[in-house]
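Raw work37.pdb, PDB, C-alpha atoms:
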```pdb
ATOM      1  CA  MET A  99      -5.067 240.479  22.540
ATOM      2  CA  ASP A 100      -4.567 243.066  19.716
ATOM      3  CA  TYR A 101      -3.902 246.442  21.213
ATOM      4  CA  ARG A 102      -4.433 249.277  18.683
ATOM      5  CA  ILE A 103      -2.933 252.746  18.802
ATOM      6  CA  ILE A 104      -5.248 255.442  17.556
ATOM      7  CA  LEU A 105      -3.397 258.131  15.549
ATOM      8  CA  PRO A 106      -5.809 260.938  14.673
ATOM      9  CA  THR A 107      -4.271 263.287  12.096
ATOM     10  CA  ILE A 108      -4.509 266.947  12.930
ATOM     11  CA  VAL A 109      -3.698 269.297  10.171
ATOM     12  CA  LEU A 110      -2.792 272.822  11.154
ATOM     13  CA  GLY A 111      -3.089 275.358   8.337
ATOM     14  CA  ALA A 112      -1.592 278.793   8.651
ATOM     15  CA  THR A 113      -1.206 281.366   5.909
ATOM     16  CA  LEU A 114       1.363 283.950   6.503
ATOM     17  CA  ALA A 115       0.965 287.116   4.358
ATOM     18  CA  LEU A 116       4.019 289.194   4.282
ATOM     19  CA  ALA A 117       3.517 292.707   2.901
ATOM     20  CA  GLY A 118       5.875 295.550   3.361
ATOM     21  CA  ALA A 119       4.913 299.076   2.525
ATOM     22  CA  GLY A 120       6.887 300.305  -0.402
ATOM     23  CA  CYS A 121       8.500 296.937  -0.988
ATOM     24  CA  THR A 122       8.838 295.645  -4.479
ATOM     25  CA  GLY A 123       8.937 292.047  -5.676
ATOM     26  CA  SER A 124       6.563 289.107  -5.509
ATOM     27  CA  THR A 125       4.755 288.102  -2.352
ATOM     28  CA  PRO A 126       6.212 284.925  -0.815
ATOM     29  CA  THR A 127       4.158 281.812  -1.367
ATOM     30  CA  ALA A 128       1.998 280.817   1.628
ATOM     31  CA  LYS A 129       3.132 277.613   3.348
ATOM     32  CA  THR A 130       1.089 274.988   5.183
ATOM     33  CA  ALA A 131       2.896 273.327   8.117
ATOM     34  CA  GLU A 132       1.914 269.762   9.267
ATOM     35  CA  GLN A 133       2.438 269.029  12.942
ATOM     36  CA  PRO A 134       2.651 265.405  14.120
ATOM     37  CA  ALA A 135      -0.357 264.411  16.180
ATOM     38  CA  PRO A 136       0.224 263.405  19.801
ATOM     39  CA  VAL A 137       0.280 259.651  20.396
ATOM     40  CA  VAL A 138      -2.682 258.489  22.430
ATOM     41  CA  GLN A 139      -2.156 255.119  24.197
ATOM     42  CA  GLN A 140      -5.272 253.069  24.760
ATOM     43  CA  THR A 141      -5.613 251.620  28.268
ATOM     44  CA  ALA A 142      -5.028 247.866  28.191
ATOM     45  CA  PRO A 143      -8.035 245.829  29.359
ATOM     46  CA  ALA A 144      -7.800 243.843  32.579
ATOM     47  CA  PRO A 145      -6.385 240.357  32.025
ATOM     48  CA  VAL A 146      -8.977 237.629  31.662
ATOM     49  CA  ALA A 147      -8.886 235.165  34.547
ATOM     50  CA  ILE A 148      -8.187 231.619  33.416
ATOM     51  CA  PRO A 149     -10.304 229.164  35.425
ATOM     52  CA  THR A 150      -8.457 226.576  37.467
ATOM     53  CA  PRO A 151      -8.777 223.138  35.866
ATOM     54  CA  VAL A 152     -11.220 220.917  37.762
ATOM     55  CA  ALA A 153     -10.717 217.179  37.846
ATOM     56  CA  ALA A 154     -13.404 215.240  36.074
ATOM     57  CA  VAL A 155     -16.013 213.852  38.416
ATOM     58  CA  VAL A 156     -16.320 210.111  38.122
ATOM     59  CA  PRO A 157     -19.980 209.258  38.564
ATOM     60  CA  THR A 158     -20.947 206.491  40.920
ATOM     61  CA  CYS A 159     -23.044 203.605  39.707
ATOM     62  CA  THR A 160     -26.746 204.378  39.570
ATOM     63  CA  LYS A 161     -27.870 201.121  38.013
ATOM     64  CA  ALA A 162     -30.443 198.965  39.750
ATOM     65  CA  GLY A 163     -29.566 195.362  40.470
ATOM     66  CA  THR A 164     -30.774 192.271  42.293
ATOM     67  CA  VAL A 165     -28.240 190.583  44.560
ATOM     68  CA  THR A 166     -28.849 187.082  45.876
ATOM     69  CA  TYR A 167     -26.785 184.819  48.140
ATOM     70  CA  VAL A 168     -27.046 181.053  48.524
ATOM     71  CA  ASN A 169     -25.388 178.608  50.908
ATOM     72  CA  THR A 170     -23.585 175.949  48.881
ATOM     73  CA  ASP A 171     -22.825 173.260  51.468
ATOM     74  CA  ASP A 172     -24.158 171.663  54.619
ATOM     75  CA  THR A 173     -21.577 173.362  56.839
ATOM     76  CA  ASN A 174     -22.815 176.895  56.062
ATOM     77  CA  ALA A 175     -19.196 177.832  55.333
ATOM     78  CA  LYS A 176     -19.489 178.798  51.648
ATOM     79  CA  TRP A 177     -21.900 181.252  50.097
ATOM     80  CA  THR A 178     -22.286 182.246  46.451
ATOM     81  CA  ILE A 179     -23.136 185.860  45.604
ATOM     82  CA  SER A 180     -25.007 186.569  42.362
ATOM     83  CA  LEU A 181     -25.955 189.809  40.603
ATOM     84  CA  ASN A 182     -29.051 189.614  38.408
ATOM     85  CA  GLY A 183     -28.718 185.827  38.355
ATOM     86  CA  LYS A 184     -25.019 185.793  37.427
ATOM     87  CA  LEU A 185     -22.436 184.433  39.859
ATOM     88  CA  VAL A 186     -19.992 187.184  40.894
ATOM     89  CA  ALA A 187     -18.283 185.796  44.032
ATOM     90  CA  THR A 188     -18.007 182.951  46.518
ATOM     91  CA  LEU A 189     -17.486 183.756  50.190
ATOM     92  CA  ASP A 190     -15.761 181.153  52.360
ATOM     93  CA  HIS A 191     -15.558 181.749  56.096
ATOM     94  CA  GLY A 192     -13.838 178.458  56.872
ATOM     95  CA  GLY A 193     -16.540 177.620  59.385
ATOM     96  CA  GLU A 194     -20.221 178.034  60.081
ATOM     97  CA  SER A 195     -21.291 181.405  58.742
ATOM     98  CA  ALA A 196     -24.201 183.476  57.513
ATOM     99  CA  VAL A 197     -24.887 186.302  55.060
ATOM    100  CA  TYR A 198     -27.266 189.121  55.981
ATOM    101  CA  PRO A 199     -28.707 192.016  53.978
ATOM    102  CA  TRP A 200     -27.310 195.217  55.461
ATOM    103  CA  LEU A 201     -28.078 198.216  53.233
ATOM    104  CA  GLU A 202     -29.404 198.827  49.737
ATOM    105  CA  THR A 203     -28.295 202.045  48.037
ATOM    106  CA  THR A 204     -28.364 203.326  44.470
ATOM    107  CA  GLY A 205     -25.881 201.222  42.538
ATOM    108  CA  VAL A 206     -24.547 199.195  45.479
ATOM    109  CA  THR A 207     -25.858 196.409  47.701
ATOM    110  CA  PHE A 208     -24.164 196.007  51.088
ATOM    111  CA  LEU A 209     -24.175 192.633  52.827
ATOM    112  CA  ALA A 210     -22.757 191.400  56.131
ATOM    113  CA  PHE A 211     -20.819 188.116  56.303
ATOM    114  CA  ASP A 212     -20.535 186.788  59.860
ATOM    115  CA  PRO A 213     -19.731 183.654  61.826
ATOM    116  CA  THR A 214     -22.713 181.961  63.448
ATOM    117  CA  GLY A 215     -23.230 179.942  66.589
ATOM    118  CA  LEU A 216     -22.176 182.744  68.919
ATOM    119  CA  GLY A 217     -24.110 183.218  72.129
ATOM    120  CA  GLY A 218     -23.947 184.726  75.554
ATOM    121  CA  TYR A 219     -25.122 187.924  77.157
ATOM    122  CA  ILE A 220     -25.400 190.538  74.386
ATOM    123  CA  PRO A 221     -28.353 192.764  75.346
ATOM    124  CA  LEU A 222     -27.293 195.767  73.245
ATOM    125  CA  GLY A 223     -26.764 193.676  70.141
ATOM    126  CA  GLY A 224     -23.595 192.793  68.297
ATOM    127  CA  GLY A 225     -21.915 194.029  65.166
ATOM    128  CA  HIS A 226     -20.757 192.420  61.935
ATOM    129  CA  GLU A 227     -17.410 190.862  61.077
ATOM    130  CA  LYS A 228     -17.150 191.567  57.331
ATOM    131  CA  LEU A 229     -18.698 194.174  55.059
ATOM    132  CA  VAL A 230     -19.456 192.974  51.516
ATOM    133  CA  ALA A 231     -20.302 195.456  48.747
ATOM    134  CA  VAL A 232     -21.654 194.440  45.315
ATOM    135  CA  ASP A 233     -21.370 197.072  42.558
ATOM    136  CA  HIS A 234     -24.413 196.865  40.271
ATOM    137  CA  CYS A 235     -22.549 198.283  37.250
ATOM    138  CA  THR A 236     -19.380 196.200  37.272
ATOM    139  CA  GLY A 237     -20.355 193.167  39.353
ATOM    140  CA  THR A 238     -17.268 193.817  41.478
ATOM    141  CA  VAL A 239     -17.488 192.424  45.008
ATOM    142  CA  SER A 240     -15.394 194.255  47.634
ATOM    143  CA  THR A 241     -14.969 193.365  51.296
ATOM    144  CA  PHE A 242     -13.682 195.028  54.451
ATOM    145  CA  VAL A 243     -12.803 193.586  57.863
ATOM    146  CA  GLU A 244     -11.875 195.977  60.659
ATOM    147  CA  PRO A 245      -8.145 195.492  61.455
ATOM    148  CA  ARG A 246      -8.869 194.676  65.096
ATOM    149  CA  GLY A 247     -11.283 191.945  64.034
ATOM    150  CA  GLY A 248     -14.303 190.642  65.893
ATOM    151  CA  LEU A 249     -17.888 191.722  65.378
ATOM    152  CA  SER A 250     -16.818 195.355  65.384
ATOM    153  CA  LEU A 251     -18.663 196.798  62.354
ATOM    154  CA  GLN A 252     -21.714 198.539  63.775
ATOM    155  CA  LEU A 253     -23.464 200.824  61.310
ATOM    156  CA  LEU A 254     -23.581 202.224  57.781
ATOM    157  CA  SER A 255     -24.933 205.690  57.060
ATOM    158  CA  ALA A 256     -28.112 205.828  54.988
ATOM    159  CA  ASP A 257     -26.155 206.581  51.804
ATOM    160  CA  GLY A 258     -23.441 204.037  52.599
ATOM    161  CA  SER A 259     -20.660 206.643  52.679
ATOM    162  CA  LYS A 260     -19.822 206.322  56.407
ATOM    163  CA  LEU A 261     -19.024 203.148  58.302
ATOM    164  CA  ILE A 262     -19.028 203.064  62.122
ATOM    165  CA  SER A 263     -17.010 200.487  64.047
ATOM    166  CA  LEU A 264     -16.252 199.841  67.702
ATOM    167  CA  ALA A 265     -13.216 198.599  69.620
ATOM    168  CA  GLN A 266     -12.995 198.018  73.373
ATOM    169  CA  PHE A 267      -9.854 197.554  75.441
ATOM    170  CA  ASP A 268      -9.287 196.698  79.091
ATOM    171  CA  GLY A 269      -8.093 199.799  80.930
ATOM    172  CA  THR A 270      -6.700 200.246  84.413
ATOM    173  CA  ALA A 271     -10.123 201.234  85.779
ATOM    174  CA  GLY A 272     -12.438 199.511  83.317
ATOM    175  CA  MET A 273     -13.302 199.172  79.670
ATOM    176  CA  VAL A 274     -12.049 201.848  77.255
ATOM    177  CA  SER A 275     -14.240 202.225  74.158
ATOM    178  CA  HIS A 276     -13.149 203.662  70.811
ATOM    179  CA  ILE A 277     -15.616 204.646  68.110
ATOM    180  CA  TYR A 278     -14.134 204.766  64.604
ATOM    181  CA  VAL A 279     -15.603 206.482  61.548
ATOM    182  CA  TRP A 280     -14.474 205.189  58.156
ATOM    183  CA  ASP A 281     -14.876 206.359  54.573
ATOM    184  CA  THR A 282     -16.663 203.282  53.202
ATOM    185  CA  LYS A 283     -15.549 203.697  49.595
ATOM    186  CA  ALA A 284     -11.931 204.214  50.659
ATOM    187  CA  VAL A 285     -11.686 201.130  52.878
ATOM    188  CA  LEU A 286     -13.379 198.911  50.298
ATOM    189  CA  ALA A 287     -10.744 200.039  47.789
ATOM    190  CA  ASP A 288      -7.852 199.629  50.249
ATOM    191  CA  SER A 289      -8.320 197.808  53.556
ATOM    192  CA  LYS A 290      -5.210 199.524  54.970
ATOM    193  CA  THR A 291      -6.873 202.937  54.824
ATOM    194  CA  ALA A 292      -6.956 204.593  58.248
ATOM    195  CA  PRO A 293     -10.242 205.732  59.804
ATOM    196  CA  THR A 294     -11.197 209.356  59.280
ATOM    197  CA  HIS A 295     -11.951 209.731  63.010
ATOM    198  CA  ASP A 296     -11.051 207.915  66.237
ATOM    199  CA  PHE A 297     -13.195 208.991  69.203
ATOM    200  CA  THR A 298     -12.504 207.733  72.749
ATOM    201  CA  MET A 299     -15.417 207.481  75.181
ATOM    202  CA  PRO A 300     -14.850 209.750  78.213
ATOM    203  CA  ASP A 301     -16.703 207.326  80.503
ATOM    204  CA  GLN A 302     -16.103 203.630  80.993
ATOM    205  CA  TRP A 303     -18.887 201.148  80.321
ATOM    206  CA  GLY A 304     -18.696 197.417  79.825
ATOM    207  CA  MET A 305     -21.227 197.308  76.976
ATOM    208  CA  ILE A 306     -21.927 199.589  74.058
ATOM    209  CA  GLY A 307     -24.241 199.228  71.053
ATOM    210  CA  GLU A 308     -27.531 200.326  69.442
ATOM    211  CA  PHE A 309     -25.805 202.847  67.153
ATOM    212  CA  SER A 310     -27.943 205.290  65.159
ATOM    213  CA  LEU A 311     -27.026 208.269  62.933
ATOM    214  CA  ASN A 312     -29.233 211.334  62.629
ATOM    215  CA  SER A 313     -30.723 212.443  59.316
ATOM    216  CA  ASP A 314     -27.618 214.232  58.020
ATOM    217  CA  SER A 315     -25.118 211.779  59.560
ATOM    218  CA  SER A 316     -23.560 214.529  61.681
ATOM    219  CA  LYS A 317     -24.397 212.984  65.062
ATOM    220  CA  LEU A 318     -24.309 209.460  66.409
ATOM    221  CA  ALA A 319     -26.491 208.095  69.206
ATOM    222  CA  PHE A 320     -25.735 204.883  71.076
ATOM    223  CA  ALA A 321     -26.528 202.992  74.269
ATOM    224  CA  VAL A 322     -24.117 201.828  76.972
ATOM    225  CA  GLY A 323     -24.648 199.599  79.967
ATOM    226  CA  GLU A 324     -23.453 197.248  82.659
ATOM    227  CA  GLY A 325     -24.785 193.794  83.507
ATOM    228  CA  PRO A 326     -26.040 191.157  83.770
ATOM    229  CA  ASP A 327     -25.983 191.766  87.523
ATOM    230  CA  ASN A 328     -27.391 195.121  88.639
ATOM    231  CA  GLU A 329     -28.198 196.196  85.117
ATOM    232  CA  HIS A 330     -28.002 199.927  84.473
ATOM    233  CA  GLY A 331     -27.232 202.031  81.446
ATOM    234  CA  ALA A 332     -27.325 205.308  79.581
ATOM    235  CA  VAL A 333     -27.674 206.855  76.136
ATOM    236  CA  TYR A 334     -25.064 209.177  74.634
ATOM    237  CA  THR A 335     -24.700 211.262  71.513
ATOM    238  CA  LEU A 336     -21.452 211.981  69.682
ATOM    239  CA  ASP A 337     -21.037 215.056  67.488
ATOM    240  CA  LEU A 338     -18.895 213.796  64.603
ATOM    241  CA  THR A 339     -17.690 217.313  63.786
ATOM    242  CA  SER A 340     -16.566 218.493  67.227
ATOM    243  CA  GLY A 341     -15.963 215.076  68.818
ATOM    244  CA  LYS A 342     -18.118 216.044  71.812
ATOM    245  CA  PHE A 343     -19.849 213.259  73.780
ATOM    246  CA  THR A 344     -23.088 214.119  75.590
ATOM    247  CA  LYS A 345     -24.964 211.904  78.022
ATOM    248  CA  VAL A 346     -28.633 212.486  77.209
ATOM    249  CA  GLN A 347     -30.270 209.986  79.551
ATOM    250  CA  GLU A 348     -29.290 207.559  82.302
ATOM    251  CA  ARG A 349     -31.162 204.778  84.065
ATOM    252  CA  ALA A 350     -30.120 203.291  87.396
ATOM    253  CA  ASP A 351     -32.510 200.325  87.473
ATOM    254  CA  GLY A 352     -32.103 198.875  83.997
ATOM    255  CA  LEU A 353     -30.790 199.316  80.479
ATOM    256  CA  LEU A 354     -31.769 201.921  77.905
ATOM    257  CA  PHE A 355     -32.138 201.308  74.169
ATOM    258  CA  VAL A 356     -31.928 203.603  71.148
ATOM    259  CA  ARG A 357     -34.857 203.726  68.719
ATOM    260  CA  GLY A 358     -33.461 206.302  66.333
ATOM    261  CA  TRP A 359     -33.936 210.066  66.190
ATOM    262  CA  ASN A 360     -37.042 212.201  66.625
ATOM    263  CA  ALA A 361     -38.025 214.867  64.094
ATOM    264  CA  ASN A 362     -36.897 217.612  66.505
ATOM    265  CA  GLY A 363     -33.346 216.240  66.615
ATOM    266  CA  THR A 364     -33.576 214.446  69.952
ATOM    267  CA  VAL A 365     -32.865 210.756  70.493
ATOM    268  CA  ASN A 366     -35.756 208.324  70.735
ATOM    269  CA  THR A 367     -35.058 205.949  73.617
ATOM    270  CA  ALA A 368     -36.838 202.973  75.182
ATOM    271  CA  THR A 369     -36.550 200.877  78.333
ATOM    272  CA  THR A 370     -37.289 197.559  76.669
ATOM    273  CA  PHE A 371     -35.457 195.718  73.898
ATOM    274  CA  GLU A 372     -37.336 195.278  70.619
TER     275      GLU A 372
END
```

Just give me the structure of the file as structure tokens.
Amino acid sequence: MDYRIILPTIVLGATLALAGAGCTGSTPTAKTAEQPAPVVQQTAPAPVAIPTPVAAVVPTCTKAGTVTYVNTDDTNAKWTISLNGKLVATLDHGGESAVYPWLETTGVTFLAFDPTGLGGYIPLGGGHEKLVAVDHCTGTVSTFVEPRGGLSLQLLSADGSKLISLAQFDGTAGMVSHIYVWDTKAVLADSKTAPTHDFTMPDQWGMIGEFSLNSDSSKLAFAVGEGPDNEHGAVYTLDLTSGKFTKVQERADGLLFVRGWNANGTVNTATTFE
């Protein structure tokens, strides 16, 4: 910044006439005296704030794509994954398996890759073993398996950014259930990434399932139960910000099921499985 000093010139003129009565000789010549002007310092302007550098935002893929999957052998162990008709990956479970469509978002198709042939009493539904993501822009296929294994992957948020998984452990008084929330993009990039949240159920139930996120993915609803003898159950919500569990409904003579969220923010429940 160029700071300028303003130096106005002030000229002071004074004529001194010296006359003495009865004096002889010439009158002294009048003199003009120049006085230096006072220095006026201009106030410096306030310094200009330099904005903090912001990291460039890397856009996510927004390209549309068609993902197909085909079983390649009679054992249902190997599946080929293609993007727009071009082979991009082969999935091999090492045993009888199946691929399911899970979620379609802008730029990414999410699939589930699971073993088949499992049975038994699973009234609240099961989860998935492996998450498969196909990037429409690069054709890259990424996978994630929850470290504790099993059919633990339960739900993806509508935009694919959050992944919900479940783990249950035998406790001294019953089953202890943990609900994990993962950053989907982070775990697909590095399977060793830790979950962003680990919530422990305050009550003990043998079964848990039917997970559903509300419209802004801030709350999770799910069903719990006991059975097959003397079936009974309940529905809970979990606030993902505060970690608070709330029992919203309980049934003593049967199971309850979650059918999503109502427009007023309450959970839509049912007494029959659909």

| Which residues, written as a PyMOL selection string, have at least one atom at most 10 Å from Thr238 of chain A, with only C-alpha atoms counted and residues fewer than 3 positions away on the same chain left out? | chain A and resi 181+186-187+206+231-235

Could you write out that same residue set with C-alpha atoms as a tab-separated table (two decimals), in the coordinates of the input?
```
chain	number	residue	atom	x	y	z
A	181	LEU	CA	-25.96	189.81	40.60
A	186	VAL	CA	-19.99	187.18	40.89
A	187	ALA	CA	-18.28	185.80	44.03
A	206	VAL	CA	-24.55	199.20	45.48
A	231	ALA	CA	-20.30	195.46	48.75
A	232	VAL	CA	-21.65	194.44	45.32
A	233	ASP	CA	-21.37	197.07	42.56
A	234	HIS	CA	-24.41	196.86	40.27
A	235	CYS	CA	-22.55	198.28	37.25
```

| request: Would you kindly translate the PyMOL selection byres ((chain A and resi 215-221) around 8) into the concrete residues it picks from this file, as a PyMOL selection string? | output: chain A and resi 194+213-214+222-224+326+371

| Can you list, as a VMD selection string, every protein, DNA or RNA residue that comes within 12 Å of Gly307 of chain A when you count all atoms listed in the file, leaving out same-chain residues fewer than 3 positions away? | chain A and resid 220 to 226 249 to 253 262 to 266 275 to 277 303 to 304 310 318 to 324 331 to 334 353 to 357

Convert the output of the PyMOL selection byres ((chain A and resi 182) around 7) on the shown file into explicit residues, formatted as a PDB file with C-alpha atoms, in the frame of the given file.
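That gives us out-v3.pdb:
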```pdb
ATOM      1  CA  GLY A 163     -29.566 195.362  40.470  1.00  0.00           C
ATOM      2  CA  THR A 164     -30.774 192.271  42.293  1.00  0.00           C
ATOM      3  CA  VAL A 165     -28.240 190.583  44.560  1.00  0.00           C
ATOM      4  CA  SER A 180     -25.007 186.569  42.362  1.00  0.00           C
ATOM      5  CA  LEU A 181     -25.955 189.809  40.603  1.00  0.00           C
ATOM      6  CA  GLY A 183     -28.718 185.827  38.355  1.00  0.00           C
ATOM      7  CA  LYS A 184     -25.019 185.793  37.427  1.00  0.00           C
TER       8      LYS A 184
END
```

| Please, what distance in Å, to one decimal, runs between atom CA of Asp288 of chain A and atom CA of Phe242 of chain A? |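 Value for the atom CA of Asp288 of chain A-atom CA of Phe242 of chain A distance: 8.5 Å.
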
Put a box with edges along x, y and z around all the listed atoms of segment 212-220 of chain A, pad it by 3 Å on each side, then give me its centre and sizes in Å, one decimal, as JSON.
```
{"center_x": -22.6, "center_y": 185.2, "center_z": 68.5, "size_x": 11.7, "size_y": 16.6, "size_z": 23.3}
```

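Comparing A:Ala256, A:Leu286, A:Ala210, A:Leu201 by their smallest distance to Thr241 of chain A, the closest is A:Leu286 (using all atoms listed in the file).
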
| request: Provide the atom CA of Ala368 of chain A to atom CA of Val346 of chain A distance in Å, to one decimal place. | output: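 Atom CA of Val346 of chain A lies 12.7 Å from atom CA of Ala368 of chain A.
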
| message | Which residues, named as in the file, does the PyMOL selection byres ((chain A and resi 188) around 7) pick out? Answer as an MDAnalysis selection string. | response | chainID A and resid 176:179 187 189:190

| request: Just give me the gap between atom CA of Lys260 of chain A and atom CA of Val365 of chain A in Å, one decimal is fine. | output: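 Answer for the atom CA of Lys260 of chain A to atom CA of Val365 of chain A separation: 19.7 Å.
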